[in-house]
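For reference, structure-v1.tsv is printed below; it contains TSV, C-alpha atoms.
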```tsv
chain	number	residue	atom	x	y	z
A	1	MET	CA	34.69	-86.45	-229.58
A	2	ASN	CA	36.71	-88.47	-232.08
A	3	ILE	CA	38.02	-91.71	-230.58
A	4	PRO	CA	41.39	-92.91	-231.97
A	5	VAL	CA	41.24	-96.54	-233.11
A	6	PHE	CA	44.12	-98.96	-233.77
A	7	ILE	CA	43.28	-102.11	-235.72
A	8	PHE	CA	45.32	-105.33	-235.76
A	9	PHE	CA	44.73	-107.85	-238.54
A	10	GLY	CA	46.04	-111.39	-238.83
A	11	PHE	CA	45.10	-115.04	-238.84
A	12	LEU	CA	44.81	-117.26	-235.77
A	13	ASP	CA	48.23	-117.88	-234.15
A	14	ALA	CA	49.83	-115.04	-236.11
A	15	GLY	CA	50.92	-113.36	-232.88
A	16	LYS	CA	48.34	-110.55	-232.66
A	17	THR	CA	47.66	-111.09	-228.95
A	18	ASN	CA	51.35	-111.11	-228.01
A	19	PHE	CA	51.94	-108.00	-230.11
A	20	ILE	CA	49.12	-106.10	-228.40
A	21	GLN	CA	50.14	-107.46	-224.97
A	22	GLU	CA	53.59	-105.92	-225.37
A	23	LEU	CA	52.08	-102.58	-226.32
A	24	LEU	CA	49.90	-102.59	-223.22
A	25	GLU	CA	52.83	-103.39	-220.95
A	26	GLY	CA	54.55	-100.14	-221.91
A	27	ASP	CA	53.52	-96.65	-220.88
A	28	ASP	CA	54.62	-95.07	-224.18
A	29	PHE	CA	51.55	-96.37	-225.98
A	30	VAL	CA	48.94	-96.17	-223.23
A	31	GLU	CA	50.01	-92.72	-221.95
A	32	ASN	CA	47.53	-92.72	-219.06
A	33	MET	CA	44.59	-93.03	-221.45
A	34	ARG	CA	41.61	-95.24	-220.70
A	35	THR	CA	42.09	-98.01	-223.25
A	36	LEU	CA	39.54	-100.51	-224.51
A	37	VAL	CA	40.74	-103.67	-226.28
A	38	ILE	CA	38.04	-105.35	-228.37
A	39	VAL	CA	39.01	-108.97	-229.03
A	40	CYS	CA	37.22	-110.58	-231.96
A	41	GLU	CA	39.27	-113.78	-231.94
A	42	GLU	CA	40.71	-115.43	-228.84
A	43	GLY	CA	44.25	-116.53	-229.59
A	44	ILE	CA	46.28	-119.46	-228.34
A	45	SER	CA	47.88	-117.23	-225.72
A	46	PRO	CA	45.43	-115.33	-223.48
A	47	TYR	CA	45.98	-111.74	-222.38
A	48	GLN	CA	47.82	-111.32	-219.09
A	49	LYS	CA	45.99	-108.43	-217.46
A	50	GLU	CA	48.27	-108.48	-214.42
A	51	LYS	CA	51.12	-107.28	-216.67
A	52	PHE	CA	49.24	-104.32	-218.13
A	53	VAL	CA	50.87	-100.99	-217.30
A	54	SER	CA	47.58	-99.53	-216.08
A	55	GLU	CA	44.34	-100.59	-214.44
A	56	ASP	CA	42.52	-98.41	-216.99
A	57	ILE	CA	42.89	-101.06	-219.71
A	58	PHE	CA	39.72	-103.04	-220.38
A	59	LEU	CA	39.06	-106.19	-222.40
A	60	GLU	CA	35.81	-106.96	-224.20
A	61	TYR	CA	35.21	-110.04	-226.36
A	62	ILE	CA	33.03	-110.20	-229.48
A	63	GLU	CA	32.67	-113.71	-230.86
A	64	ASP	CA	29.67	-113.27	-233.15
A	65	ARG	CA	30.18	-111.23	-236.31
A	66	ASP	CA	26.65	-109.80	-236.00
A	67	ASP	CA	27.63	-108.24	-232.67
A	68	PHE	CA	30.35	-106.22	-234.39
A	69	ASN	CA	28.09	-103.26	-235.08
A	70	ALA	CA	28.12	-99.54	-234.37
A	71	LYS	CA	25.48	-99.66	-231.64
A	72	ASN	CA	27.24	-102.38	-229.66
A	73	LEU	CA	30.73	-100.89	-230.11
A	74	ASP	CA	29.53	-97.42	-229.11
A	75	TRP	CA	27.99	-98.92	-225.96
A	76	LEU	CA	31.26	-100.66	-225.04
A	77	GLN	CA	33.21	-97.42	-225.45
A	78	LYS	CA	30.82	-95.53	-223.24
A	79	LYS	CA	30.70	-98.36	-220.68
A	80	HIS	CA	34.44	-98.00	-220.05
A	81	ARG	CA	34.69	-94.29	-220.91
A	82	ALA	CA	37.50	-95.33	-223.26
A	83	GLU	CA	39.74	-92.65	-224.73
A	84	GLN	CA	41.32	-94.97	-227.31
A	85	ILE	CA	40.35	-98.32	-228.85
A	86	LEU	CA	42.40	-101.32	-229.95
A	87	ILE	CA	40.69	-103.95	-232.09
A	88	GLU	CA	42.11	-107.45	-232.48
A	89	TYR	CA	40.13	-108.26	-235.59
A	90	ASN	CA	39.05	-111.79	-236.51
A	91	GLY	CA	41.26	-113.14	-239.29
A	92	MET	CA	38.32	-114.73	-241.11
A	93	TRP	CA	36.05	-111.67	-241.09
A	94	ASP	CA	36.03	-109.41	-244.14
A	95	LYS	CA	36.73	-105.67	-244.32
A	96	GLU	CA	33.09	-104.89	-245.08
A	97	THR	CA	32.11	-106.05	-241.59
A	98	LEU	CA	34.76	-103.76	-240.15
A	99	ALA	CA	33.82	-100.73	-242.25
A	100	ASN	CA	30.11	-101.07	-241.53
A	101	GLY	CA	30.57	-101.81	-237.86
A	102	LEU	CA	32.67	-98.87	-236.65
A	103	PRO	CA	30.80	-95.95	-235.06
A	104	ALA	CA	30.93	-92.67	-236.96
A	105	MET	CA	32.98	-90.90	-234.28
A	106	TRP	CA	35.70	-93.55	-234.23
A	107	ASN	CA	38.79	-92.43	-236.13
A	108	VAL	CA	41.09	-95.17	-237.45
A	109	VAL	CA	44.60	-93.77	-237.06
A	110	GLN	CA	46.69	-96.90	-237.61
A	111	GLN	CA	46.27	-100.41	-239.01
A	112	ALA	CA	48.76	-103.23	-238.53
A	113	ALA	CA	48.78	-106.60	-240.28
A	114	ILE	CA	50.58	-109.35	-238.36
A	115	PHE	CA	51.57	-112.63	-239.99
A	116	GLU	CA	53.45	-115.76	-239.00
A	117	SER	CA	56.29	-115.91	-241.52
A	118	LYS	CA	56.28	-119.69	-241.92
A	119	THR	CA	52.60	-119.83	-242.92
A	120	PHE	CA	52.28	-116.54	-244.84
A	121	ILE	CA	53.18	-117.91	-248.28
A	122	SER	CA	50.71	-120.77	-247.87
A	123	TYR	CA	47.91	-118.44	-246.72
A	124	ASN	CA	48.60	-116.14	-249.65
A	125	LYS	CA	48.37	-119.05	-252.07
A	126	ASN	CA	45.19	-120.57	-250.65
A	127	MET	CA	43.33	-117.55	-249.22
A	128	ARG	CA	44.67	-114.73	-251.34
A	129	GLN	CA	41.66	-112.43	-251.01
A	130	LEU	CA	41.73	-112.52	-247.22
A	131	VAL	CA	45.49	-111.90	-247.21
A	132	TYR	CA	45.13	-109.03	-249.69
A	133	GLU	CA	42.44	-107.37	-247.56
A	134	LYS	CA	44.80	-107.37	-244.58
A	135	LEU	CA	47.71	-106.01	-246.59
A	136	ASN	CA	46.18	-103.30	-248.72
A	137	THR	CA	45.17	-100.81	-245.99
A	138	ALA	CA	47.85	-101.59	-243.40
A	139	ASP	CA	50.27	-98.89	-242.27
A	140	MET	CA	52.63	-101.53	-240.88
A	141	ILE	CA	53.09	-105.19	-241.80
A	142	PHE	CA	54.83	-107.36	-239.21
A	143	PHE	CA	56.18	-110.84	-239.90
A	144	ASN	CA	56.66	-112.95	-236.76
A	145	ARG	CA	59.03	-115.89	-236.21
A	146	SER	CA	61.15	-115.29	-239.29
A	147	THR	CA	64.20	-117.46	-239.85
A	148	ARG	CA	67.47	-116.20	-241.27
A	149	ASP	CA	68.41	-119.46	-242.99
A	150	GLY	CA	66.76	-119.80	-246.38
A	151	PHE	CA	64.50	-116.80	-245.80
A	152	ASP	CA	63.72	-115.00	-249.07
A	153	MET	CA	62.83	-111.45	-248.04
A	154	GLU	CA	62.38	-110.51	-251.71
A	155	GLU	CA	59.46	-112.94	-252.05
A	156	TYR	CA	57.63	-111.43	-249.07
A	157	HIS	CA	58.42	-107.92	-250.27
A	158	LYS	CA	56.91	-108.53	-253.71
A	159	ILE	CA	53.69	-109.96	-252.29
A	160	VAL	CA	53.27	-107.01	-249.93
A	161	ARG	CA	54.07	-104.37	-252.53
A	162	ALA	CA	51.60	-105.85	-255.00
A	163	ALA	CA	48.89	-104.94	-252.47
A	164	ASN	CA	50.39	-101.95	-250.68
A	165	ASN	CA	53.24	-99.69	-251.76
A	166	ARG	CA	53.31	-97.54	-248.61
A	167	ALA	CA	53.35	-99.82	-245.57
A	168	LEU	CA	56.35	-100.23	-243.33
A	169	ILE	CA	57.48	-103.89	-243.41
A	170	ILE	CA	59.17	-105.36	-240.32
A	171	TYR	CA	60.55	-108.85	-239.69
A	172	GLU	CA	61.05	-110.29	-236.21
A	173	TYR	CA	63.40	-113.27	-236.09
A	174	GLU	CA	63.22	-116.23	-233.77
A	175	ASP	CA	66.13	-114.87	-231.73
A	176	GLY	CA	64.08	-111.73	-230.94
A	177	THR	CA	65.95	-109.36	-233.24
A	178	VAL	CA	63.99	-107.08	-235.55
A	179	GLU	CA	64.82	-105.91	-239.08
A	180	GLN	CA	63.09	-103.38	-241.29
A	181	ASP	CA	62.58	-104.18	-244.97
A	182	ASN	CA	64.71	-101.64	-246.86
A	183	ILE	CA	64.43	-103.13	-250.34
A	184	PRO	CA	64.10	-100.08	-252.63
A	185	ASP	CA	60.84	-99.55	-254.49
A	186	PRO	CA	60.30	-97.55	-257.66
A	187	PRO	CA	58.15	-94.43	-257.18
A	188	PRO	CA	54.40	-95.08	-257.52
A	189	TYR	CA	54.16	-92.29	-260.13
A	190	ASP	CA	55.72	-91.69	-263.55
A	191	LEU	CA	58.86	-89.60	-263.15
A	192	ASP	CA	59.23	-89.41	-266.94
A	193	ALA	CA	55.86	-87.73	-267.41
A	194	GLU	CA	55.72	-84.12	-268.57
A	195	ILE	CA	53.86	-83.35	-265.33
A	196	VAL	CA	54.59	-85.73	-262.46
A	197	LYS	CA	51.28	-86.03	-260.60
A	198	ILE	CA	51.58	-87.06	-256.96
A	199	ARG	CA	48.40	-88.76	-255.77
A	200	ASP	CA	47.06	-88.03	-252.29
A	201	ASP	CA	48.08	-91.43	-250.90
A	202	ASP	CA	51.60	-91.17	-252.38
A	203	PHE	CA	52.55	-87.88	-250.73
A	204	ALA	CA	54.49	-89.43	-247.82
A	205	PHE	CA	56.49	-91.60	-250.25
A	206	PHE	CA	57.22	-88.49	-252.34
A	207	LEU	CA	58.53	-86.54	-249.34
A	208	ARG	CA	60.82	-89.36	-248.24
A	209	ASP	CA	62.10	-89.91	-251.79
A	210	LEU	CA	62.69	-86.19	-252.26
A	211	ILE	CA	64.94	-86.21	-249.20
A	212	ASP	CA	66.71	-89.47	-250.07
A	213	SER	CA	67.16	-88.85	-253.84
A	214	PRO	CA	66.84	-85.10	-254.53
A	215	GLU	CA	68.74	-85.34	-257.80
A	216	ILE	CA	65.96	-87.25	-259.56
A	217	TYR	CA	63.44	-84.46	-258.82
A	218	ASP	CA	65.62	-81.51	-259.81
A	219	GLY	CA	63.93	-79.75	-262.74
A	220	LYS	CA	60.82	-81.97	-262.70
A	221	VAL	CA	57.40	-80.37	-263.02
A	222	LEU	CA	55.34	-81.69	-260.11
A	223	GLU	CA	51.67	-81.46	-259.18
A	224	PHE	CA	50.30	-82.35	-255.75
A	225	LYS	CA	47.75	-81.35	-253.13
A	226	GLY	CA	48.40	-79.91	-249.70
A	227	ARG	CA	47.49	-77.31	-247.11
A	228	ALA	CA	48.77	-73.75	-247.36
A	229	LEU	CA	51.22	-72.33	-244.87
A	230	CYS	CA	50.99	-68.53	-245.17
A	231	THR	CA	50.73	-66.70	-241.87
A	232	GLU	CA	52.44	-63.31	-242.34
A	233	GLU	CA	49.75	-60.93	-241.15
A	234	GLY	CA	49.54	-57.69	-243.11
A	235	ASN	CA	51.53	-59.05	-246.06
A	236	GLU	CA	49.06	-59.28	-248.90
A	237	ASP	CA	51.60	-60.41	-251.51
A	238	LEU	CA	53.59	-63.28	-250.04
A	239	GLU	CA	56.56	-64.19	-252.21
A	240	ASN	CA	57.24	-67.38	-250.29
A	241	PHE	CA	54.70	-69.79	-248.90
A	242	ALA	CA	54.52	-73.54	-248.33
A	243	ILE	CA	52.24	-76.39	-249.25
A	244	GLY	CA	52.36	-79.48	-247.07
A	245	ARG	CA	50.57	-82.29	-245.32
A	246	HIS	CA	50.44	-83.80	-241.87
A	247	VAL	CA	52.50	-87.00	-242.07
A	248	MET	CA	52.58	-89.98	-239.73
A	249	THR	CA	55.89	-91.82	-239.86
A	250	CYS	CA	55.12	-94.86	-237.73
A	251	CYS	CA	52.59	-94.01	-235.03
A	252	VAL	CA	50.24	-91.27	-233.91
A	253	GLU	CA	52.92	-89.67	-231.70
A	254	ASP	CA	55.03	-88.99	-234.80
A	255	ILE	CA	52.45	-86.89	-236.69
A	256	SER	CA	53.93	-83.60	-237.88
A	257	PHE	CA	53.30	-81.04	-240.62
A	258	GLN	CA	55.80	-81.47	-243.47
A	259	PRO	CA	55.92	-78.48	-245.84
A	260	ILE	CA	57.35	-77.94	-249.31
A	261	ILE	CA	58.65	-74.36	-249.60
A	262	CYS	CA	57.24	-72.57	-252.65
A	263	GLU	CA	57.80	-69.37	-254.58
A	264	TYR	CA	55.81	-67.92	-257.46
A	265	ALA	CA	57.02	-68.33	-261.02
A	266	PRO	CA	56.93	-65.22	-263.25
A	267	GLY	CA	53.46	-64.97	-264.69
A	268	CYS	CA	51.73	-66.98	-261.95
A	269	ILE	CA	48.41	-65.18	-261.59
A	270	SER	CA	47.01	-66.81	-258.44
A	271	ARG	CA	48.42	-65.56	-255.14
A	272	LEU	CA	47.71	-66.83	-251.66
A	273	LYS	CA	46.48	-64.49	-248.94
A	274	PRO	CA	47.26	-64.81	-245.23
A	275	ASP	CA	43.64	-65.68	-244.45
A	276	GLN	CA	43.96	-68.78	-246.66
A	277	HIS	CA	46.35	-70.37	-244.19
A	278	GLY	CA	45.36	-74.01	-243.69
A	279	ASP	CA	43.20	-74.20	-246.81
A	280	TRP	CA	43.70	-77.01	-249.34
A	281	PHE	CA	45.23	-76.31	-252.76
A	282	VAL	CA	46.59	-78.11	-255.77
A	283	VAL	CA	49.94	-76.67	-256.89
A	284	ARG	CA	51.99	-77.28	-260.01
A	285	GLY	CA	55.54	-76.12	-260.44
A	286	LYS	CA	59.16	-76.92	-261.19
A	287	MET	CA	61.25	-78.42	-258.41
A	288	THR	CA	64.50	-76.53	-257.88
A	289	PHE	CA	67.25	-76.64	-255.28
A	290	GLN	CA	68.37	-73.19	-254.18
A	291	GLU	CA	70.13	-71.33	-251.44
A	292	SER	CA	67.56	-69.72	-249.19
A	293	PRO	CA	67.47	-68.11	-245.75
A	294	ILE	CA	64.78	-70.69	-244.97
A	295	TYR	CA	67.49	-73.37	-245.11
A	296	ASP	CA	70.94	-73.39	-243.60
A	297	ASP	CA	72.18	-74.42	-247.03
A	298	ILE	CA	70.64	-75.39	-250.37
A	299	GLY	CA	67.16	-76.88	-250.17
A	300	PRO	CA	64.14	-77.81	-252.30
A	301	ILE	CA	61.91	-74.96	-253.50
A	302	LEU	CA	58.93	-75.49	-255.80
A	303	VAL	CA	58.61	-72.67	-258.34
A	304	VAL	CA	54.83	-72.56	-258.69
A	305	SER	CA	53.17	-71.69	-261.99
A	306	TYR	CA	49.65	-72.88	-261.15
A	307	ILE	CA	47.61	-73.02	-257.97
A	308	ARG	CA	43.93	-73.63	-257.35
A	309	PRO	CA	41.68	-74.35	-254.35
A	310	ALA	CA	40.90	-78.03	-253.77
A	311	LYS	CA	38.99	-80.44	-251.56
A	312	ALA	CA	40.86	-82.04	-248.70
A	313	ALA	CA	43.24	-84.88	-249.54
A	314	ASP	CA	41.90	-88.41	-249.18
A	315	PRO	CA	43.22	-89.51	-246.76
A	316	GLU	CA	44.00	-86.17	-245.07
A	317	LEU	CA	46.80	-87.78	-243.02
A	318	ALA	CA	49.69	-88.92	-245.21
A	319	THR	CA	51.25	-92.23	-244.19
A	320	PHE	CA	53.95	-94.51	-245.52
```

Spell out the structure here as C-alpha cells.
Amino acid sequence: MNIPVFIFFGFLDAGKTNFIQELLEGDDFVENMRTLVIVCEEGISPYQKEKFVSEDIFLEYIEDRDDFNAKNLDWLQKKHRAEQILIEYNGMWDKETLANGLPAMWNVVQQAAIFESKTFISYNKNMRQLVYEKLNTADMIFFNRSTRDGFDMEEYHKIVRAANNRALIIYEYEDGTVEQDNIPDPPPYDLDAEIVKIRDDDFAFFLRDLIDSPEIYDGKVLEFKGRALCTEEGNEDLENFAIGRHVMTCCVEDISFQPIICEYAPGCISRLKPDQHGDWFVVRGKMTFQESPIYDDIGPILVVSYIRPAKAADPELATF
C-alpha cells in the first residue's frame, strides 16, 4: 500500500509547527485518517495535541539524522498503522538524507517550504544552497509574518522563480491576512520555436496559460506527453480523442484529469485504438480554437500530425 507523505521544509522558527498544527486542527486535511507526524526539529512552539481534531494523530520525534532511515520510518508507520505521514523536516538537513531515508512505499504527494519573511533574504544570502534545496522541489512556498510597509514582493518572487517556476507562492501578513503572489511569469518554454516542446514538469503551467491566454497559443505547433482518453468501445477509428494528465492544483483533494481535445490532421498515419485508453503518448500538432459539440462554445482542439507511444511522464502527477 502506498502511503501519502506531506513534507514541510523550513528553518528553525520559520513557523512550520504552527502551520502543521493548524492543519491538524481541521477535519478537511485529516479526513478520519490515522495520521503520523514525524518531527525532525522541535520548534519554539510545541504541538498542542489537545487541539488536534482527532485522537488518531500521533507524534514521533527524530533528533539524530542517522535515525532518519527507511527501516526506522517504516517501523514508525506500522507502529501507529498510519494512513498518511507528515514530516516536519530539519532545516539544516540536506535533501539527500530525505531521499535516501524514505521507505519505498511512501509516496510524496506534496512539499511545502515555509519561511519567515524577515529572515528569508538573509538566509538566502548566507546559506543559499540550503534555501535553494527547500525551494526547488516545493509545490507551495509560504512566507510568514510579512509586513505591508516596505515589503518588496518582486524581490521574493525573483528568488523563488530562479529555483522553482511552478510553486504556488503565498504571503501571510502580520494581521493574519493572506495574499497569493500573482506576479506574471513568462512561459518556461520557447513560444517562438517552430515546435513548442512542453516538458513533463511544465504541463500544469501550460494548461493554466492556455486557459488564461489562449490567443498566444492559437496556430502554434505544440508537442507534449500525456495519457490517452479514448473509450468508445467498438469504434476502431476514433476521429476525436484526448491527451491529458492528472493535475494537482493545490492539494491532493484537488487532483483531477485535465484533457486536451485532439483530432487527426490529414495524413496523420498513427491512430489510437480504444484499448489504448490510459496509455502514455507524445503528440505533436497545431493548436486551434474551434466550435465543437464537446464545448458549449469555441474551445481548444489540437490538430495532431504525429503521435507515438511513450514512457510515463516524470513526474506522472502534474503540479504548479

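Separating atom CA of A:Glu22 from atom CA of A:Lys49 is a distance of 11.3 Å.
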
Polymer residues at most 9 Å from (28.1, -102.0, -234.7) by all atoms listed in the file, as an NGL selection string: :A and (66-74 or 97-98 or 100-103)

Quick one: residues within 12 Å of (53.6, -105.4, -250.7) (file frame), counting all atoms listed in the file, please, as a PyMOL selection string. chain A and resi 113+124+131-142+153-170+181+183-185

Among the residues A:Ser256, A:Thr319, A:Asn18, A:Ser122, the one that comes closest to A:Tyr47 [using only C-alpha atoms]: A:Asn18

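By chain and then residue number, the residues within 12 Å of A:Glu42 are Phe11, Leu12, Asp13, Ala14, Gly15, Lys16, Thr17, Asn18, Ile38, Val39, Cys40, Ile44, Ser45, Pro46, Tyr47, Leu59, Glu60, Tyr61, Ile62, Glu63, Ile87, Glu88, Tyr89, Asn90 and Gly91 of chain A, counting only C-alpha atoms and disregarding those fewer than 2 positions away in sequence.
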
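Closest to A:Cys230 among A:Gly10, A:Pro4, A:Pro293, A:Gly278 is A:Gly278, based on only C-alpha atoms.
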
d(atom CA of A:Gly176, atom CA of A:Gly26) in Å: 17.5 Å

Pairwise distance, atom CA of A:Val108 with atom CA of A:Val5, equals 4.6 Å
